[in-house]
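Data block for coords-v3.txt (compact mmCIF, C-alpha atoms):
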# COMPACT_ATOMS: atom_id res chain seq x y z
CA MET A 114 -149.89 24.30 -220.63
CA ASN A 115 -152.93 22.13 -219.91
CA TYR A 116 -152.85 18.62 -218.53
CA GLN A 117 -155.36 16.52 -216.68
CA LYS A 118 -154.82 16.23 -212.93
CA ILE A 119 -153.93 12.69 -211.88
CA PRO A 120 -154.88 11.40 -208.42
CA ASP A 121 -151.93 10.89 -206.14
CA PRO A 122 -149.23 8.92 -207.96
CA ILE A 123 -145.92 8.80 -206.11
CA VAL A 124 -143.02 10.13 -208.21
CA TYR A 125 -139.31 9.94 -207.40
CA ALA A 126 -136.74 11.76 -209.56
CA VAL A 127 -133.34 10.08 -209.96
CA VAL A 128 -130.36 12.32 -210.82
CA PRO A 129 -126.78 11.00 -211.11
CA THR A 130 -124.11 13.68 -210.85
CA PHE A 131 -120.37 14.27 -210.87
CA ASN A 132 -118.71 17.70 -210.57
CA ARG A 133 -121.55 19.75 -212.06
CA LYS A 134 -122.64 21.70 -209.02
CA ASP A 135 -124.15 24.72 -210.75
CA MET A 136 -126.04 22.73 -213.40
CA LEU A 137 -127.24 20.28 -210.76
CA LYS A 138 -128.63 23.15 -208.71
CA GLU A 139 -130.63 24.36 -211.74
CA CYS A 140 -131.88 20.83 -212.25
CA ILE A 141 -133.02 20.44 -208.64
CA ASP A 142 -134.69 23.86 -208.58
CA SER A 143 -136.69 22.98 -211.70
CA LEU A 144 -137.84 19.71 -210.12
CA ILE A 145 -138.92 21.43 -206.92
CA SER A 146 -140.84 24.00 -209.00
CA GLN A 147 -142.91 21.46 -210.97
CA SER A 148 -146.62 22.20 -210.96
CA PHE A 149 -147.17 18.50 -210.28
CA PRO A 150 -145.21 17.84 -207.08
CA ILE A 151 -142.35 15.34 -206.93
CA ASP A 152 -142.31 13.29 -203.75
CA CYS A 153 -138.54 12.87 -203.54
CA ILE A 154 -135.47 13.86 -205.54
CA VAL A 155 -132.76 11.20 -205.29
CA VAL A 156 -129.31 12.54 -206.15
CA ILE A 157 -126.50 10.02 -206.61
CA ASN A 158 -123.28 11.93 -206.04
CA SER A 159 -120.27 10.05 -207.46
CA ASP A 160 -117.73 11.62 -205.08
CA SER A 161 -117.80 15.11 -206.60
CA THR A 162 -114.97 17.43 -205.62
CA ASP A 163 -116.46 20.79 -206.70
CA GLY A 164 -118.60 21.57 -203.64
CA THR A 165 -121.60 19.50 -204.76
CA ARG A 166 -121.91 17.81 -201.36
CA GLU A 167 -122.04 21.16 -199.54
CA MET A 168 -124.54 22.59 -202.04
CA LEU A 169 -126.86 19.61 -201.54
CA ASN A 170 -127.05 20.42 -197.83
CA GLU A 171 -129.32 23.33 -198.82
CA TYR A 172 -131.97 20.84 -199.96
CA LYS A 173 -132.20 18.49 -197.00
CA GLU A 174 -136.01 18.52 -196.92
CA SER A 175 -136.57 17.67 -200.59
CA VAL A 176 -133.44 15.77 -201.69
CA HIS A 177 -132.21 12.35 -200.63
CA VAL A 178 -128.47 12.04 -201.32
CA ILE A 179 -126.72 8.75 -202.00
CA ASN A 180 -122.93 9.06 -202.00
CA GLY A 181 -121.05 6.80 -204.39
CA ASP A 182 -117.60 6.83 -205.92
CA GLN A 183 -116.11 7.86 -209.25
CA ASN A 184 -116.17 4.28 -210.56
CA TRP A 185 -119.96 4.02 -210.46
CA TRP A 186 -120.52 5.76 -213.78
CA TRP A 187 -124.00 6.43 -215.11
CA ALA A 188 -125.55 2.94 -215.12
CA THR A 189 -124.55 2.04 -211.56
CA SER A 190 -125.69 5.42 -210.26
CA MET A 191 -129.06 5.07 -211.99
CA ASN A 192 -129.52 1.53 -210.70
CA VAL A 193 -128.75 2.52 -207.11
CA GLY A 194 -131.22 5.42 -207.33
CA ILE A 195 -133.91 3.30 -208.98
CA GLU A 196 -133.56 0.53 -206.39
CA TYR A 197 -133.88 3.08 -203.58
CA ALA A 198 -136.99 4.63 -205.19
CA ILE A 199 -138.66 1.27 -205.74
CA SER A 200 -137.91 0.19 -202.16
CA SER A 201 -139.62 3.42 -201.07
CA LYS A 202 -142.80 2.33 -202.92
CA THR A 203 -142.77 4.90 -205.70
CA ASP A 204 -145.14 4.49 -208.66
CA TYR A 205 -143.03 6.37 -211.20
CA ILE A 206 -139.40 7.25 -211.68
CA LEU A 207 -138.35 10.44 -213.46
CA ALA A 208 -134.85 9.94 -214.91
CA MET A 209 -132.88 13.18 -215.10
CA ASN A 210 -129.40 14.14 -216.21
CA ASP A 211 -127.67 16.76 -214.08
CA ASP A 212 -127.19 19.07 -217.10
CA THR A 213 -130.93 19.36 -217.78
CA HIS A 214 -133.92 21.04 -216.23
CA LEU A 215 -137.67 20.90 -216.85
CA GLU A 216 -140.29 23.46 -217.76
CA LYS A 217 -142.71 23.71 -214.83
CA ASP A 218 -145.58 21.69 -216.38
CA ALA A 219 -143.40 18.97 -217.90
CA LEU A 220 -143.96 16.29 -215.26
CA GLY A 221 -147.73 16.71 -215.35
CA CYS A 222 -147.71 16.22 -219.12
CA LEU A 223 -145.46 13.15 -218.89
CA LEU A 224 -147.71 11.56 -216.26
CA GLU A 225 -150.87 12.21 -218.25
CA THR A 226 -149.40 10.70 -221.40
CA SER A 227 -148.02 7.66 -219.60
CA ARG A 228 -151.42 6.97 -218.04
CA ASN A 229 -153.16 7.38 -221.41
CA TYR A 230 -150.79 4.88 -223.03
CA ASN A 231 -150.84 2.05 -220.46
CA ASP A 232 -147.98 3.29 -218.27
CA ALA A 233 -145.67 3.72 -221.27
CA ILE A 234 -142.23 5.31 -221.08
CA VAL A 235 -142.57 9.01 -221.95
CA GLY A 236 -139.92 11.63 -222.62
CA GLY A 237 -140.02 15.30 -223.48
CA ILE A 238 -138.81 17.54 -226.29
CA VAL A 239 -135.20 18.55 -225.59
CA LYS A 240 -134.16 22.14 -226.32
CA ASN A 241 -130.92 24.08 -225.95
CA ILE A 242 -131.05 26.08 -222.73
CA LYS A 243 -129.28 29.00 -224.47
CA ASN A 244 -131.48 28.91 -227.56
CA SER A 245 -135.01 27.61 -227.06
CA GLU A 246 -135.54 27.56 -230.83
CA GLN A 247 -132.90 24.82 -231.17
CA MET A 248 -134.53 21.44 -230.53
CA ILE A 249 -131.89 18.79 -229.82
CA ASN A 250 -134.14 15.89 -230.77
CA LYS A 251 -135.77 18.03 -233.52
CA GLY A 252 -139.17 17.47 -231.95
CA TYR A 253 -139.16 13.98 -233.42
CA GLY A 254 -139.10 10.50 -232.02
CA ALA A 255 -136.48 7.95 -233.05
CA LYS A 256 -136.77 4.88 -235.21
CA TYR A 257 -134.33 2.06 -234.68
CA THR A 258 -132.18 0.74 -237.51
CA LYS A 259 -129.59 -2.01 -237.27
CA TYR A 260 -126.82 0.29 -236.09
CA ARG A 261 -128.20 3.73 -235.26
CA TRP A 262 -131.21 5.86 -234.40
CA HIS A 263 -132.73 8.17 -236.99
CA PRO A 264 -135.45 10.87 -236.73
CA TYR A 265 -139.00 9.59 -237.01
CA LYS A 266 -141.90 12.06 -237.02
CA LYS A 267 -144.89 9.83 -236.34
CA VAL A 268 -147.71 11.42 -234.33
CA VAL A 269 -149.76 8.71 -232.65
CA GLY A 270 -152.32 11.02 -231.05
CA THR A 271 -152.97 14.25 -229.20
CA ILE A 272 -153.70 14.94 -225.53
CA ASN A 273 -155.09 18.36 -224.59
CA GLY A 274 -153.67 19.80 -227.81
CA ARG A 275 -150.21 18.24 -227.36
CA ASP A 276 -148.79 15.99 -230.09
CA ILE A 277 -147.59 12.60 -228.91
CA TYR A 278 -144.76 11.10 -230.97
CA TYR A 279 -143.86 7.44 -231.31
CA THR A 280 -140.24 6.67 -230.47
CA GLU A 281 -137.99 3.67 -230.01
CA GLY A 282 -135.22 5.44 -228.11
CA GLN A 283 -135.14 7.24 -224.77
CA SER A 284 -132.35 8.86 -222.77
CA GLY A 285 -132.00 9.96 -219.16
CA ARG A 286 -133.12 13.50 -219.95
CA GLY A 287 -136.48 14.02 -218.29
CA VAL A 288 -137.95 10.59 -219.04
CA LEU A 289 -140.77 9.09 -216.97
CA PHE A 290 -140.84 5.35 -216.22
CA SER A 291 -143.51 3.36 -214.42
CA THR A 292 -141.93 0.96 -211.92
CA SER A 293 -143.66 -1.83 -213.87
CA VAL A 294 -141.10 -1.22 -216.65
CA TYR A 295 -138.25 -2.31 -214.39
CA GLU A 296 -140.23 -5.33 -213.22
CA LYS A 297 -140.52 -6.48 -216.84
CA VAL A 298 -137.12 -5.48 -218.23
CA GLY A 299 -134.77 -5.26 -215.25
CA ILE A 300 -132.37 -2.41 -214.58
CA TYR A 301 -129.44 -1.03 -216.58
CA ASP A 302 -126.66 -3.36 -217.75
CA ILE A 303 -123.64 -2.21 -215.73
CA ILE A 304 -121.35 -4.95 -217.08
CA ASN A 305 -121.56 -4.21 -220.80
CA PHE A 306 -122.74 -0.58 -220.67
CA PRO A 307 -121.44 1.20 -217.55
CA HIS A 308 -121.93 4.53 -219.29
CA ARG A 309 -124.57 5.54 -221.86
CA GLY A 310 -126.57 2.34 -221.36
CA ASP A 311 -129.85 4.05 -222.22
CA ARG A 312 -129.87 2.75 -225.80
CA ASP A 313 -129.52 -0.87 -224.68
CA PHE A 314 -132.30 -0.34 -222.14
CA SER A 315 -134.60 1.23 -224.75
CA PHE A 316 -133.94 -1.68 -227.10
CA ARG A 317 -134.78 -4.20 -224.38
CA CYS A 318 -138.04 -2.33 -223.74
CA LEU A 319 -138.76 -2.40 -227.47
CA GLN A 320 -138.23 -6.17 -227.53
CA THR A 321 -140.56 -6.56 -224.55
CA GLY A 322 -143.32 -4.54 -226.23
CA ILE A 323 -143.31 -1.60 -223.81
CA GLY A 324 -144.57 1.58 -225.47
CA GLN A 325 -142.26 4.58 -225.76
CA TYR A 326 -143.40 8.10 -226.64
CA LEU A 327 -142.43 11.78 -226.64
CA ASP A 328 -144.81 14.45 -225.37
CA SER A 329 -144.50 17.73 -227.32
CA GLY A 330 -145.74 19.67 -224.29
CA ALA A 331 -143.03 18.42 -221.93
CA THR A 332 -140.00 20.64 -222.50
CA VAL A 333 -136.57 19.60 -221.28
CA PHE A 334 -133.79 22.20 -221.38
CA LEU A 335 -130.24 20.93 -221.94
CA ASN A 336 -126.92 22.67 -221.33
CA PHE A 337 -126.01 21.73 -224.88
CA ASP A 338 -122.48 23.18 -225.02
CA THR A 339 -121.26 20.91 -222.22
CA SER A 340 -123.16 17.82 -223.39
CA TYR A 341 -121.52 15.05 -225.41
CA GLN A 342 -123.54 16.11 -228.44
CA GLY A 343 -122.50 19.73 -228.07
CA ILE A 344 -118.84 18.83 -227.75
CA ALA A 345 -119.12 16.55 -230.79
CA ASN A 346 -120.53 19.46 -232.83
CA LYS A 347 -117.28 21.36 -232.38
CA ARG A 348 -114.20 20.78 -234.46
CA PHE A 349 -112.32 17.76 -233.09
CA THR A 350 -108.61 17.59 -232.43
CA LEU A 351 -106.92 14.20 -232.69
CA THR A 352 -107.12 13.91 -228.90
CA ASP A 353 -110.85 14.70 -228.97
CA ALA A 354 -111.41 12.07 -231.65
CA LYS A 355 -109.45 9.50 -229.65
CA ASN A 356 -111.49 10.22 -226.51
CA ALA A 357 -114.77 10.10 -228.46
CA ILE A 358 -113.97 6.59 -229.67
CA PHE A 359 -112.04 5.01 -226.79
CA HIS A 360 -112.97 6.81 -223.54
CA ILE A 361 -115.69 5.08 -221.50
CA ASN A 362 -118.05 8.06 -221.83
CA GLY A 363 -117.05 8.94 -225.40
CA LEU A 364 -119.92 9.76 -227.74
CA TYR A 365 -118.80 7.08 -230.23
CA ASN A 366 -117.30 4.60 -227.78
CA ILE A 367 -116.21 1.60 -229.84
CA ASP A 368 -116.48 -0.91 -226.99
CA HIS A 369 -120.06 0.15 -226.29
CA GLN A 370 -121.05 -0.24 -229.94
CA TYR A 371 -119.29 -3.61 -230.28
CA LYS A 372 -121.02 -5.04 -227.20
CA PHE A 373 -124.40 -3.65 -228.24
CA LEU A 374 -124.25 -5.29 -231.66
CA ARG A 375 -122.86 -8.56 -230.29
CA LYS A 376 -125.67 -8.68 -227.71
CA HIS A 377 -128.57 -7.85 -230.00
CA TYR A 378 -127.36 -8.99 -233.46
CA LYS A 379 -125.43 -12.21 -232.82
CA TYR A 380 -125.01 -13.25 -236.45
CA LEU A 381 -125.08 -9.98 -238.36
CA TRP A 382 -122.98 -7.91 -235.98
CA PRO A 383 -119.74 -7.92 -238.11
CA TRP A 384 -121.63 -6.35 -241.02
CA TRP A 385 -123.25 -3.60 -238.95
CA PHE A 386 -120.09 -2.98 -236.93
CA THR A 387 -118.17 -2.35 -240.16
CA ILE A 388 -120.84 0.09 -241.35
CA TRP A 389 -120.74 1.85 -237.98
CA ILE A 390 -116.94 2.28 -238.14
CA VAL A 391 -117.16 3.76 -241.63
CA SER A 392 -119.92 6.12 -240.48
CA VAL A 393 -117.92 7.35 -237.45
CA ILE A 394 -114.84 7.96 -239.61
CA GLY A 395 -117.03 10.08 -241.87
CA ILE A 396 -118.40 12.07 -238.91
CA LEU A 397 -114.99 12.70 -237.36

Before anything else, please render the file you have as structure tokens.
Amino acid sequence: MNYQKIPDPIVYAVVPTFNRKDMLKECIDSLISQSFPIDCIVVINSDSTDGTREMLNEYKESVHVINGDQNWWWATSMNVGIEYAISSKTDYILAMNDDTHLEKDALGCLLETSRNYNDAIVGGIVKNIKNSEQMINKGYGAKYTKYRWHPYKKVVGTINGRDIYYTEGQSGRGVLFSTSVYEKVGIYDIINFPHRGDRDFSFRCLQTGIGQYLDSGATVFLNFDTSYQGIANKRFTLTDAKNAIFHINGLYNIDHQYKFLRKHYKYLWPWWFTIWIVSVIGIL
């Protein structure tokens, strides 16, 4: 994979984790192996009990560990890691989930695209780690509607033969942020969206006019079977359906959706909330 060398930006990776020792190790190894070097990997360990703390001792030279507790959830962990990285004078933050890892040239591609598009937010193409032909985001960007994301295949340009897709939605899976993004938008909303707050953050960036793109040359591998999407693809029991809707990290958490619509659609939220409920019932 070709990408243009970029002079000396400082990059910190931020990785929240809880009880995923083996997947986290794969994630860290892929970050260390990037052809464009990462200056520091910040792991926020939410009091894991599976030997994660002991495993992280193997990476003392390249990993900075912040120990939290099990009530931090995703948004708090990300915010703590981001604040540490910014205080350390980083230029870019690479947001990673602990169940993902990057192809070796991914970071270089993300950096090149971000620089070419005015320090925009840039993510990669997510593939199933067990089946590289299965693209989780279909190789598309996302277009925002009133109550959901939908695939949007709009190529805005090419860089060194790589297609660059427009998107309005980013996750924590191998996404590069300039620190200027956080200066403009702030950090994740831990009050309303303690878990899965990436959609709210993307929407705030959209409202602020910050560009968001996907780079077709930056491949992110996901342990799909253990992800929320992978679990949702399986046949649900009544307990699974209940957890999906009411648990704090459920894929279709009703409280998350309610607060999102109330926050961003103050007058039309009852209409879109009703549509969302009908849609979830159809999915489950």

Near Tyr279 of chain A, within 10 Å and counting all atoms listed in the file, which residues show up once chain neighbours fewer than 6 positions away are dropped, as an mmCIF file with C-alpha atoms, in the coordinates of the input?
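Writing the result to selection15.cif gives the following:
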data_model
loop_
_atom_site.group_PDB
_atom_site.id
_atom_site.type_symbol
_atom_site.label_atom_id
_atom_site.label_comp_id
_atom_site.auth_asym_id
_atom_site.auth_seq_id
_atom_site.Cartn_x
_atom_site.Cartn_y
_atom_site.Cartn_z
ATOM 1 C CA VAL A 235 -142.570 9.010 -221.950
ATOM 2 C CA TYR A 253 -139.160 13.980 -233.420
ATOM 3 C CA GLY A 254 -139.100 10.500 -232.020
ATOM 4 C CA ALA A 255 -136.480 7.950 -233.050
ATOM 5 C CA LYS A 256 -136.770 4.880 -235.210
ATOM 6 C CA TYR A 265 -139.000 9.590 -237.010
ATOM 7 C CA LYS A 266 -141.900 12.060 -237.020
ATOM 8 C CA LYS A 267 -144.890 9.830 -236.340
ATOM 9 C CA VAL A 268 -147.710 11.420 -234.330
ATOM 10 C CA VAL A 269 -149.760 8.710 -232.650
ATOM 11 C CA GLY A 270 -152.320 11.020 -231.050
ATOM 12 C CA GLY A 324 -144.570 1.580 -225.470
ATOM 13 C CA GLN A 325 -142.260 4.580 -225.760
ATOM 14 C CA TYR A 326 -143.400 8.100 -226.640
ATOM 15 C CA LEU A 327 -142.430 11.780 -226.640
ATOM 16 C CA ASP A 328 -144.810 14.450 -225.370
#

- Query: Between A:Asn192, A:Asn229, A:Ser143, A:Ser175, which is the closest to Ile303 of chain A once you count only C-alpha atoms?
  - Reply: A:Asn192

- Go through A:Phe306, A:Phe334, A:Tyr257, A:Tyr125 one by one, measure the shortest atom-to-atom distance of each to Gly282 of chain A using all atoms listed in the file, and give the residue with the smallest value.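 Ranking A:Phe306, A:Phe334, A:Tyr257, A:Tyr125 by distance to Gly282 of chain A, first place goes to A:Tyr257.
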
- Message: Taking only C-alpha atoms into account, name the residue in A:Phe149, A:Ser200, A:Leu289, A:Leu144 that is nearest to Tyr172 of chain A.
- Response: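 Under the stated criterion, the closest residue is A:Leu144.
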
Contact check, segment 241-323 of chain A to segment 369-388 of chain A, at most 12 Å, counting all atoms listed in the file, closest pairs as a tab-separated table:
residue	atom	partner	partner_atom	distance
A:Thr258	CA	A:Trp385	CA	10.0
A:Lys259	CA	A:Trp385	CA	6.7
A:Tyr260	CA	A:Trp385	CA	6.0
A:Arg261	CA	A:Trp385	CA	9.6
A:Asp302	CA	A:Phe373	CA	10.7
A:Ile303	CA	A:His369	CA	11.4
A:Ile304	CA	A:Lys372	CA	10.1
A:Asn305	CA	A:Lys372	CA	6.5
A:Phe306	CA	A:His369	CA	6.3
A:Pro307	CA	A:His369	CA	8.9
A:His308	CA	A:His369	CA	8.5
A:Arg309	CA	A:His369	CA	8.3
A:Gly310	CA	A:His369	CA	8.5
A:Asp311	CA	A:Phe373	CA	11.2
A:Arg312	CA	A:Phe373	CA	8.8
A:Asp313	CA	A:Phe373	CA	6.8
A:Phe314	CA	A:Phe373	CA	10.5
A:Ser315	CA	A:Phe373	CA	11.8
A:Phe316	CA	A:His377	CA	8.7
A:Arg317	CA	A:His377	CA	9.1
A:Leu319	CA	A:His377	CA	11.8
A:Gln320	CA	A:His377	CA	10.1

- Do you know which residues are at most 8 Å from Asn180 of chain A counting all atoms listed in the file, after dropping those on the same chain fewer than 3 positions away, and could you put them as a list in words?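 That gives Ile157, Asn158, Ser159 and Asp160 of chain A.
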
- Using all atoms listed in the file, which of the listed residues (A:Ile206, A:Ile249, A:Cys318, A:Ala354) sits closest to Gly299 of chain A?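 With all atoms listed in the file as the atom set, the closest residue is A:Cys318.
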
- Query: Between A:Asp204, A:Asp142, A:Asp135, A:Glu167, which one has atoms that come closest to Glu296 of chain A, using all atoms listed in the file?
  - Reply: A:Asp204
